[in-house]
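Colleague: After the structure tokens below, expect a handful of questions from me.
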Amino acid sequence: MSVNTLYENLKRLRENELHSNVVILADILLSVHDNTKGVNEPEIKLNTMTFYGESAYHLGKYRKAEKMFNNALQYKKHLMKSKGLSKQIEGQKDILPDSEIKYKLHLCYVRLNMNEQAISTLQSVAARQRTVKINMALAKLYHQSGMERSAITAYKEVLRECPLALEATEGLLKLGVKSTEVNTLVMNSPELSSFEWLNLWTKAHAHSQTYDYPTAIAAFRQLVDENSPLRFNPVMMVALGEIYYYSGDVTNAKMTLQQAFYIDPTCHRGYGIMATIYLSERAAGDLEKMMPLNWHFSEDGDSEMWTALACLLYSNNSLNTAAYFAQRACLLNPKNVEALVVKGCILYDMKKYQNAIVHFREAYEIAPCRYEPHKGLVDCYLAQNRTKDALTIASNCCKADNNSPRALTLYALVLMKDPVNNSKAKSLLEKALDQNDTYLPAVYLLAQVYEEETSLEPAINLLQKQVNRNPTAKLHQMLGDLYARSSDDEKAFYHYHTALRLEPNNHKANDGLNRLEHNNGNGDTSAPPRVGLQYLNSSSDTEGGENENTYEIAASDSEHYMSDD
């Protein structure tokens, strides 16, 4: 059996990308080469190993590919030590350089979630021999592993050769490099100086990284404006949607991301955020429609897709499977804040509070100014009756989120655990509503404070104002409770019935009606339970109010703050 004939056919199979056939024939060729006396074709054996590794990688057989690439490197190292064979190998143009084989080997390690081995493999390539793709791969691995200085150096090397490597630009900005320094690297090429959009894009991301969301939003809106050459560009729109979400403007985030995915259904960036929005709205149907029809559980996918799948299973209350999918997302991208938060929320619902805290803290360390990790930590601490710890986190959230309505409401929620702090909580809630008078979570809590002060009329006026703007089942139900306490049965009946019309499964409104009917039939004038914190978590939160975002991601009816009275 001629080794040369087999090798020529192997090359033909590789050229035609018949990877499964390459794997079979390469395996045969290696056996023939090793077991046939008198055959000494080192370049054939070396290339066969490399071809075998390439095709195994394409077929998803990463362990086999990793073995073949390592074997190729070891065999080549052995050949280079042999005086007679080293010259023979050096003269072969078809043999891949070590740097290329090591790059392919690193890809296998990445797929196998062996990032340390991937880094050490690429680091073994001499600095002068590192291509742009090797530097980019190193930069991303360094960034994920928290090796910030090394990541910055590698990103800069990429931009020196490829100034329009926008992922490298974004990476530098995320690592805290000033936009002026980044612009110097990017705009170094004379032909790029006329790209006004590039300068604006860099500034927009820089403002986002410094948490100046209003300025970042204005810049991105300018980029996708109708008069811009990048109008309705899905990549820019996803970036805009993400910043809306980070700033707490869920309404615009949802609308912008939906538009981006409509323009480009294959765009997966932002899927994690979109999925958590649908989950917070209990919109399981929208979550299902969001998943690509041709995406299968067996695929490796990407971190965003696994996060979306975790949300979908979570919405169906399949907590164990959802936790597994969220973990897959975290393994693929350890800095995926959405995946960490989702898994934390799943663990919270499973009452594994300490494990949930670990995930929320990890998300907090990655994004210390994001609201969601703070919210998750507060939930866990309250569930464990660790009010002091919850107060500390809520206070930090106010500082990190620039005293936004959601942060002030979260702080007020914790303060209200002790009735002594009600006046301070009231002040915070009023401050939140001064900023956004349609933020319903603050409305619900302020109504409770008024009620505890026996100020039923201000509570009713507050809720009635919201009902006139955006009538929701919860608002009508709360008004029904308050009118029942005020002995105004006619208005209480009206609001309970309206709540049930809007949300037929609203058990609290149904209970209120039953109490009224029972009281009227028996002459009992006892009042229904007071308006409680449970209103902050029920499913109607997302029905009204612009920017109405509580980031309640639980798929069950469990109450995160306190149980029903």
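Chain labels run A, B, ... following the order of the structure tokens; each chain numbers its residues from 1, and ligands are numbered from 1 in the order shown.
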What parts of stretch 113-183 of chain A does DSSP call helix (DSSP H, G or I)? I'd like the answer as a ChimeraX atom specification.
Modeller: /A:115-123,127-129,132-144,148-161,166-174,179-183
Colleague: Fewer than 3 positions away in the same chain doesn't count, so skip those; otherwise give me all residues within 6 Å of stretch 166-182 of chain A, counting only C-alpha atoms, as a ChimeraX atom specification.
Modeller: /A:155,185,206,209
Colleague: So the first atom is atom CA of A:Gln464 and the second is atom CA of A:Asn506; what is the distance between them in Å, to one decimal place?
Modeller: 19.0 Å
Colleague: Between A:Ala447, A:Ala239, A:Leu159, A:Leu377, which residue has the minimum interatomic distance to A:Asn188, considering only C-alpha atoms?
Modeller: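 Answer, going by the shortest atom-to-atom distance: A:Leu159.
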Colleague: What's the 10 Å shell around A:Glu17, counting only C-alpha atoms, without same-chain residues fewer than 6 positions away, as a list in words?
Modeller: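 That gives Lys11, Ser55 and His58 of chain A.
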Colleague: Got a sec: who's within 9 Å of A:Leu105, counting only C-alpha atoms, leaving out chain neighbours fewer than 2 positions off, as a PyMOL selection string?
Modeller: chain A and resi 53+65-70+100-103+107-110+118+121-122
Colleague: Of the residues A:Lys81, A:Asn355, A:Cys397, A:Leu410, which is the one nearest to A:Asp379, using only C-alpha atoms?
Modeller: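 Going through A:Lys81, A:Asn355, A:Cys397, A:Leu410 one by one, the smallest distance to A:Asp379 is for A:Leu410.
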Colleague: Distance atom CA of A:Arg469-atom CA of A:Asp481, one decimal place?
Modeller: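 Atom-to-atom, atom CA of A:Arg469 to atom CA of A:Asp481, that is 19.7 Å.
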Colleague: Any idea what's packed within 12 Å of A:Asp511, counting only C-alpha atoms, ignoring anything in its chain fewer than 5 positions away? Could you give it as a list in words?
Modeller: Gln477, Gly480, Asp481, Phe493, Tyr496, His497, Ala499, Leu500, Asn505, Asn506, Leu516, Glu517, His518, Pro528 and Pro529 of chain A
Colleague: So that I can check the surroundings of stretch 257-266 of chain A, please list as an MDAnalysis selection string every protein, DNA and RNA residue that reaches within 8 Å of it, counting only C-alpha atoms and ignoring chain neighbours fewer than 5 positions away.
Modeller: chainID A and resid 232:235 237:238 241:242 274
Colleague: Which polymer residues have any atom within 10 Å of an atom of A:Asn461, counting only C-alpha atoms, with same-chain residues fewer than 5 positions away left out, as a list in words?
Modeller: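 That gives Ala447, Leu456, Gln466, Val467 and Leu479 of chain A.
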